[in-house]
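S.K.: model-v8.csv is the file, holding CSV, C-alpha atoms:
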chain,number,residue,atom,x,y,z
T,1,MET,CA,100.4,90.7,111.8
T,2,ALA,CA,102.3,94.0,111.8
T,3,ALA,CA,100.3,97.1,110.8
T,4,TYR,CA,100.6,98.2,107.2
T,5,SER,CA,102.2,95.0,105.9
T,6,ASP,CA,99.7,93.1,103.7
T,7,PHE,CA,97.4,96.1,104.0
T,8,ALA,CA,99.9,98.1,101.9
T,9,ALA,CA,98.6,96.5,98.7
T,10,LEU,CA,95.1,97.7,99.5
T,11,TYR,CA,95.7,101.0,101.1
T,12,ASP,CA,95.5,103.3,98.1
T,13,LEU,CA,92.4,101.5,96.8
T,14,LEU,CA,90.6,102.1,100.2
T,15,MET,CA,91.8,105.7,100.4
T,16,ASP,CA,90.7,106.7,96.9
T,17,ASP,CA,88.3,109.3,98.2
T,18,VAL,CA,91.0,111.4,100.0
T,19,ASP,CA,91.8,114.8,98.5
T,20,TYR,CA,95.6,114.6,98.7
T,21,ASP,CA,96.0,117.6,96.5
T,22,GLY,CA,94.0,119.8,98.8
T,23,TRP,CA,95.8,118.3,101.8
T,24,ALA,CA,99.3,119.0,100.4
T,25,ASP,CA,98.3,122.5,99.5
T,26,TYR,CA,96.9,123.1,103.0
T,27,TYR,CA,100.2,122.0,104.5
T,28,LEU,CA,102.2,124.4,102.3
T,29,ARG,CA,99.8,127.2,103.3
T,30,LEU,CA,100.2,126.2,106.9
T,31,LEU,CA,104.0,126.3,106.7
T,32,GLU,CA,103.8,129.7,105.1
T,33,ARG,CA,102.2,131.0,108.3
T,34,ALA,CA,105.5,130.2,109.9
T,35,GLY,CA,107.4,132.0,107.1
T,36,VAL,CA,108.5,128.7,105.6
T,37,LYS,CA,108.4,128.1,101.8
T,38,PRO,CA,110.2,124.7,101.8
T,39,THR,CA,112.7,123.7,99.1
T,40,ARG,CA,113.7,120.6,101.2
T,41,LEU,CA,111.0,118.7,103.2
T,42,CYS,CA,110.8,115.4,105.0
T,43,ASP,CA,107.4,113.6,104.9
T,44,CYS,CA,107.3,111.4,108.0
T,45,ALA,CA,105.1,108.3,108.1
T,46,CYS,CA,104.7,108.8,104.4
T,47,GLY,CA,103.0,105.5,103.7
T,48,THR,CA,102.4,105.0,100.0
T,49,GLY,CA,103.8,108.4,99.2
T,50,ALA,CA,100.6,110.2,98.2
T,51,MET,CA,101.7,113.4,100.0
T,52,SER,CA,105.4,113.0,99.2
T,53,VAL,CA,104.8,112.8,95.5
T,54,ARG,CA,102.5,115.8,95.5
T,55,PHE,CA,105.1,117.9,97.4
T,56,ALA,CA,107.7,116.8,94.8
T,57,GLU,CA,105.4,117.7,92.0
T,58,ARG,CA,105.4,121.2,93.5
T,59,GLY,CA,109.1,121.5,93.0
T,60,ILE,CA,110.2,120.5,96.5
T,61,GLN,CA,113.1,118.1,97.3
T,62,VAL,CA,111.4,115.4,99.4
T,63,ILE,CA,112.6,112.7,101.7
T,64,GLY,CA,109.8,110.2,102.6
T,65,SER,CA,110.3,108.1,105.6
T,66,ASP,CA,108.1,105.3,106.9
T,67,ILE,CA,108.5,102.2,109.2
T,68,SER,CA,106.8,99.9,106.7
T,69,GLY,CA,108.9,98.6,103.9
T,70,GLU,CA,105.8,97.3,102.2
T,71,MET,CA,104.3,100.8,102.1
T,72,LEU,CA,107.5,102.3,100.8
T,73,GLU,CA,107.5,99.8,97.9
T,74,LYS,CA,104.2,101.3,96.9
T,75,ALA,CA,105.5,104.8,97.4
T,76,GLN,CA,108.5,104.2,95.1
T,77,GLU,CA,106.1,102.8,92.5
T,78,ARG,CA,103.9,105.9,92.8
T,79,ALA,CA,106.9,108.2,92.4
T,80,ARG,CA,108.1,106.4,89.3
T,81,GLN,CA,104.6,106.6,87.7
T,82,ALA,CA,104.4,110.3,88.5
T,83,GLY,CA,107.8,111.0,87.1
T,84,VAL,CA,109.2,112.6,90.2
T,85,ARG,CA,112.3,111.9,92.3
T,86,VAL,CA,111.7,111.2,96.0
T,87,MET,CA,114.2,109.6,98.4
T,88,PHE,CA,112.3,107.0,100.4
T,89,VAL,CA,113.9,105.7,103.7
T,90,GLU,CA,112.6,102.9,105.9
T,91,GLN,CA,112.9,104.5,109.3
T,92,ASP,CA,111.0,104.8,112.6
T,93,MET,CA,109.8,108.4,112.9
T,94,CYS,CA,111.0,108.4,116.5
T,95,ALA,CA,114.5,107.9,115.3
T,96,LEU,CA,114.3,110.3,112.4
T,97,THR,CA,117.8,110.9,111.0
T,98,LEU,CA,118.4,112.9,107.8
T,99,PRO,CA,121.6,113.5,105.8
T,100,ARG,CA,121.1,117.3,105.9
T,101,PRO,CA,118.7,119.7,107.6
T,102,VAL,CA,115.4,120.4,105.9
T,103,ASP,CA,113.1,123.4,105.8
T,104,ALA,CA,110.2,121.4,107.2
T,105,VAL,CA,109.1,118.1,108.6
T,106,VAL,CA,105.5,117.1,108.1
T,107,CYS,CA,103.5,114.1,109.2
T,108,ALA,CA,100.0,113.6,107.9
T,109,CYS,CA,97.1,111.2,108.3
T,110,ASP,CA,97.4,110.0,111.9
T,111,GLY,CA,101.1,109.2,112.1
T,112,VAL,CA,101.3,110.9,115.5
T,113,ASN,CA,98.3,108.9,116.8
T,114,TYR,CA,100.5,105.8,116.5
T,115,LEU,CA,102.8,107.3,119.2
T,116,LEU,CA,101.2,105.9,122.3
T,117,ASP,CA,103.1,107.6,125.1
T,118,ASP,CA,105.1,110.7,126.0
T,119,GLU,CA,108.4,108.8,125.5
T,120,ARG,CA,107.6,108.2,121.8
T,121,LEU,CA,106.1,111.7,121.3
T,122,ASN,CA,109.2,113.3,122.8
T,123,ALA,CA,111.5,111.1,120.7
T,124,PHE,CA,109.8,112.2,117.5
T,125,PHE,CA,109.7,115.9,118.5
T,126,ALA,CA,113.4,115.8,119.5
T,127,HIS,CA,114.5,114.1,116.3
T,128,ALA,CA,112.4,116.4,114.2
T,129,PHE,CA,113.9,119.4,115.9
T,130,LYS,CA,117.4,118.2,115.0
T,131,ALA,CA,116.3,117.5,111.4
T,132,ILE,CA,114.9,121.0,110.8
T,133,ARG,CA,117.1,124.0,110.0
T,134,PRO,CA,116.8,127.1,112.3
T,135,GLY,CA,113.8,129.0,111.2
T,136,GLY,CA,112.1,125.9,109.7
T,137,ALA,CA,108.9,124.3,110.9
T,138,LEU,CA,107.2,121.1,111.9
T,139,ALA,CA,103.6,120.5,110.8
T,140,PHE,CA,101.5,117.5,111.5
T,141,ASP,CA,97.9,116.4,112.2
T,142,ILE,CA,96.1,113.9,114.4
T,143,SER,CA,92.7,112.3,114.5
T,144,SER,CA,91.2,114.2,117.4
T,145,ALA,CA,90.4,112.7,120.8
T,146,TYR,CA,86.7,113.5,119.9
T,147,LYS,CA,86.9,111.3,116.8
T,148,LEU,CA,88.7,108.4,118.4
T,149,LYS,CA,86.3,108.4,121.4
T,150,ASN,CA,83.0,109.3,119.8
T,151,VAL,CA,83.2,108.5,116.1
T,152,LEU,CA,85.4,105.4,116.0
T,153,GLY,CA,85.1,104.4,119.7
T,154,ASN,CA,83.7,101.0,120.0
T,155,GLY,CA,82.2,101.0,116.6
T,156,PHE,CA,82.0,98.4,113.9
T,157,PHE,CA,82.4,99.2,110.2
T,158,GLY,CA,82.6,97.3,107.0
T,159,GLU,CA,82.7,97.7,103.2
T,160,GLU,CA,82.4,95.4,100.2
T,161,ARG,CA,83.9,96.1,96.8
T,162,ASP,CA,84.7,93.9,93.8
T,163,GLU,CA,88.4,93.8,94.7
T,164,VAL,CA,88.2,93.7,98.5
T,165,ALA,CA,86.0,93.6,101.5
T,166,TYR,CA,86.8,94.4,105.1
T,167,LEU,CA,85.4,94.2,108.6
T,168,TRP,CA,86.7,96.8,111.1
T,169,SER,CA,86.0,96.4,114.8
T,170,ASN,CA,87.1,98.9,117.4
T,171,GLN,CA,87.6,98.8,121.1
T,172,TYR,CA,88.2,102.0,123.1
T,173,ASP,CA,90.2,101.8,126.4
T,174,GLU,CA,89.2,104.6,128.8
T,175,THR,CA,92.2,103.9,131.0
T,176,SER,CA,94.8,104.4,128.3
T,177,ASP,CA,92.8,106.6,125.9
T,178,THR,CA,93.6,104.3,123.1
T,179,VAL,CA,91.5,102.6,120.4
T,180,THR,CA,92.4,99.2,119.2
T,181,MET,CA,91.3,98.5,115.6
T,182,ASP,CA,90.9,94.9,114.5
T,183,LEU,CA,90.7,94.8,110.7
T,184,THR,CA,89.9,91.6,108.7
T,185,PHE,CA,90.5,91.9,104.9
T,186,PHE,CA,89.3,89.7,102.1
T,187,ALA,CA,91.3,90.5,99.0
T,188,ARG,CA,90.4,89.1,95.6
T,189,GLN,CA,93.2,86.9,94.2
T,190,LYS,CA,91.8,85.3,91.1
T,191,GLY,CA,88.2,84.8,90.0
T,192,ASP,CA,86.1,84.1,93.0
T,193,LEU,CA,89.1,83.3,95.2
T,194,TYR,CA,89.8,85.7,98.1
T,195,ARG,CA,92.6,85.7,100.6
T,196,ARG,CA,91.8,86.6,104.2
T,197,PHE,CA,94.3,88.4,106.5
T,198,ASN,CA,94.1,90.5,109.7
T,199,GLU,CA,95.9,93.6,111.1
T,200,ILE,CA,95.7,95.2,114.5
T,201,HIS,CA,96.2,99.0,114.7
T,202,VAL,CA,96.3,101.0,118.0
T,203,GLN,CA,96.0,104.8,118.1
T,204,LYS,CA,96.2,107.2,121.0
T,205,ALA,CA,93.6,109.9,121.7
T,206,HIS,CA,96.0,112.7,122.4
T,207,ASP,CA,95.1,115.9,124.2
T,208,ALA,CA,96.1,118.8,121.9
T,209,GLY,CA,97.2,121.0,124.8
T,210,HIS,CA,99.5,118.3,126.1
T,211,ILE,CA,101.1,117.9,122.7
T,212,ALA,CA,101.7,121.7,122.5
T,213,SER,CA,103.4,121.5,125.9
T,214,LEU,CA,105.7,118.7,124.8
T,215,LEU,CA,106.6,120.6,121.6
T,216,GLU,CA,107.6,123.6,123.7
T,217,GLN,CA,109.7,121.3,126.0
T,218,ASN,CA,111.5,120.1,122.9
T,219,GLY,CA,112.5,123.6,121.9
T,220,PHE,CA,109.8,124.5,119.4
T,221,ILE,CA,108.1,128.0,119.6
T,222,ASN,CA,105.1,129.7,118.1
T,223,ILE,CA,102.9,126.6,118.6
T,224,GLY,CA,99.7,126.8,116.5
T,225,ILE,CA,96.7,124.4,116.8
T,226,PHE,CA,94.1,124.5,114.0
T,227,GLY,CA,90.9,122.7,112.9
T,228,ASP,CA,90.7,120.5,109.9
T,229,LYS,CA,92.3,122.3,107.0
T,230,THR,CA,91.4,125.7,108.6
T,231,PHE,CA,93.4,128.4,110.3
T,232,GLU,CA,91.0,128.7,113.1
T,233,ALA,CA,91.1,127.0,116.5
T,234,PRO,CA,89.6,123.5,116.5
T,235,LYS,CA,85.9,123.1,117.4
T,236,ALA,CA,84.8,120.8,120.1
T,237,ASP,CA,83.7,118.2,117.6
T,238,GLU,CA,86.6,118.6,115.2
T,239,GLN,CA,87.7,115.3,113.8
T,240,ARG,CA,91.2,116.3,112.7
T,241,VAL,CA,93.5,118.7,114.4
T,242,HIS,CA,96.6,120.3,112.8
T,243,PHE,CA,99.7,121.6,114.6
T,244,LEU,CA,102.4,124.0,113.5
T,245,ALA,CA,105.6,124.7,115.4
T,246,THR,CA,108.8,126.6,114.5
T,247,ARG,CA,112.4,125.8,115.3
T,248,GLN,CA,114.0,129.0,116.5
Please re-express this file's structure in C-alpha cells.

M.R.:
Amino acid sequence: MAAYSDFAALYDLLMDDVDYDGWADYYLRLLERAGVKPTRLCDCACGTGAMSVRFAERGIQVIGSDISGEMLEKAQERARQAGVRVMFVEQDMCALTLPRPVDAVVCACDGVNYLLDDERLNAFFAHAFKAIRPGGALAFDISSAYKLKNVLGNGFFGEERDEVAYLWSNQYDETSDTVTMDLTFFARQKGDLYRRFNEIHVQKAHDAGHIASLLEQNGFINIGIFGDKTFEAPKADEQRVHFLATRQ
C-alpha cells in the first residue's frame, strides 16, 4: 500500500503531541536569519497541513503541496476549520511548479528523508530554486543519520489507544543507508470492530555535508546547518537537523 494513503485518516491523531506552533515559529525565525520575512511561502510535503495552516494564521499566503491526495483532503479540512485560505496542490516535491515565485520554500518533518538518492535530491533543490524569488530562501529539516541508524534502526515499536493501535517494525540497510519501516495499523471502525491495514515507508539517512554540497551545486548560497530548533551547529547525537539556503 502506498505511504500516507489510509494512514492519512490517523496521522493527526498519532501526531497530537507535536508542537506545530513552536515548529512554525522556528521556521520563521530561521528564515529571518536569511533576511526573509515571507509574505508568500510554499510548504512542500505539507501532509495534513498542520504547518501550512499555522503559516497562514500568521498572515502569510501559503501554497501547500504534497504527493498524497488523501493527506491533502485532511489539509483542506484543517484549513476550513481554522478559517484560513491555503491553496493545496497534489504534486511531487521533485517536480515542484508554482504559478508565481515565492519568498520561501519550506519542507518540514522528514520530507527530504523520503528522497532516497541524489537524483531526487537534485530535482527537489533545482525546482525549489526556480520557485523562489531572488533573495528568498529554502528551509527544511531531516531526521538525522544518527536517529535513523541508532534510534529507529532495527527497532520495534507499538502503541495502543482506544481509536487505533499500531505495530512498527524497522529494518536498517547499511549498504544503502536506508531504513524500511513496516507499519501495521488497527483502526477502530464501530464498537469492537477494527480494520487492519499496512504501509511501508522508506527513509534515507542523509549526510548533512553532502546535502549542503548539493545545495551549492544547485545555485544556493549561505548554507546553514543547525540542530533541532536551535541556531547552533548540530550535536553528534542530534535527532533532527535543519538547513537554510539562500537564492542569490

S.K.: Which residue gives the smallest distance to Lys149 of chain T among T:Asp43, T:Asp103, T:Asp110, T:Asp237, with only C-alpha atoms counted?

M.R.: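 Selected residue with least distance to Lys149 of chain T: T:Asp237.
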
S.K.: Check the smallest atom-to-atom distance from each of T:Met51, T:Leu41, T:Val36, T:Ala205 to Asp19 of chain T using only C-alpha atoms, then report the winner.

M.R.: T:Met51

S.K.: Work out how far atom CA of Leu244 of chain T is from atom CA of Phe140 of chain T, in Å to one decimal.

M.R.: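 Going from atom CA of Phe140 of chain T over to atom CA of Leu244 of chain T covers 6.9 Å.
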
S.K.: For Lys204 of chain T, which residue among T:Asp117, T:Asp17, T:Asp228, T:Asp141 is the nearest when counting only C-alpha atoms?

M.R.: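 When distances to Lys204 of chain T are compared using only C-alpha atoms, the smallest one comes from T:Asp117.
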
S.K.: Between T:Thr230, T:Thr48, T:Gln248, T:Asn198, which is the closest to Trp23 of chain T once you count only C-alpha atoms?

M.R.: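 The answer is T:Thr230, which sits nearest to Trp23 of chain T.
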
S.K.: I'd like the contact shell of Ala45 of chain T - 10 Å cut-off, all atoms listed in the file, skipping same-chain residues fewer than 2 positions apart - returned as a compact mmCIF listing (two decimals) with C-alpha atoms, in the frame of the given file.

M.R.:
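Saved result, selection.txt, follows:
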# COMPACT_ATOMS: atom_id res chain seq x y z
CA CYS T 42 110.80 115.40 105.00
CA ASP T 43 107.40 113.60 104.90
CA GLY T 47 103.00 105.50 103.70
CA THR T 48 102.40 105.00 100.00
CA GLY T 49 103.80 108.40 99.20
CA GLY T 64 109.80 110.20 102.60
CA SER T 65 110.30 108.10 105.60
CA ASP T 66 108.10 105.30 106.90
CA ILE T 67 108.50 102.20 109.20
CA SER T 68 106.80 99.90 106.70
CA MET T 71 104.30 100.80 102.10
CA LEU T 72 107.50 102.30 100.80
CA GLU T 90 112.60 102.90 105.90
CA GLN T 91 112.90 104.50 109.30
CA ASP T 92 111.00 104.80 112.60
CA MET T 93 109.80 108.40 112.90
CA VAL T 106 105.50 117.10 108.10
CA CYS T 107 103.50 114.10 109.20
CA ALA T 108 100.00 113.60 107.90
CA CYS T 109 97.10 111.20 108.30
CA ASP T 110 97.40 110.00 111.90
CA GLY T 111 101.10 109.20 112.10
CA VAL T 112 101.30 110.90 115.50
CA TYR T 114 100.50 105.80 116.50

S.K.: Could you tell me how far atom CA of Ala75 of chain T sits from atom CA of Ala50 of chain T, in Å to one decimal place?

M.R.: 7.3 Å

S.K.: Would you please work out which residue, of T:Phe125, T:Phe220, T:Phe226, T:Phe185, is nearest to Phe7 of chain T when using all atoms listed in the file?

M.R.: T:Phe185

S.K.: Given the point (87.5, 114.9, 115.2) in the coordinates of this file, which residues lie within 7 Å, counting all atoms listed in the file, and how would they look as number ranges by chain?

M.R.: T: 143-147, 237-240

S.K.: Hey, which of T:Glu32, T:Asp6, T:Asp118, T:Glu57 ends up closest to Leu215 of chain T? Count all atoms listed in the file.

M.R.: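 Ranked by minimum distance to Leu215 of chain T, first place goes to T:Asp118.
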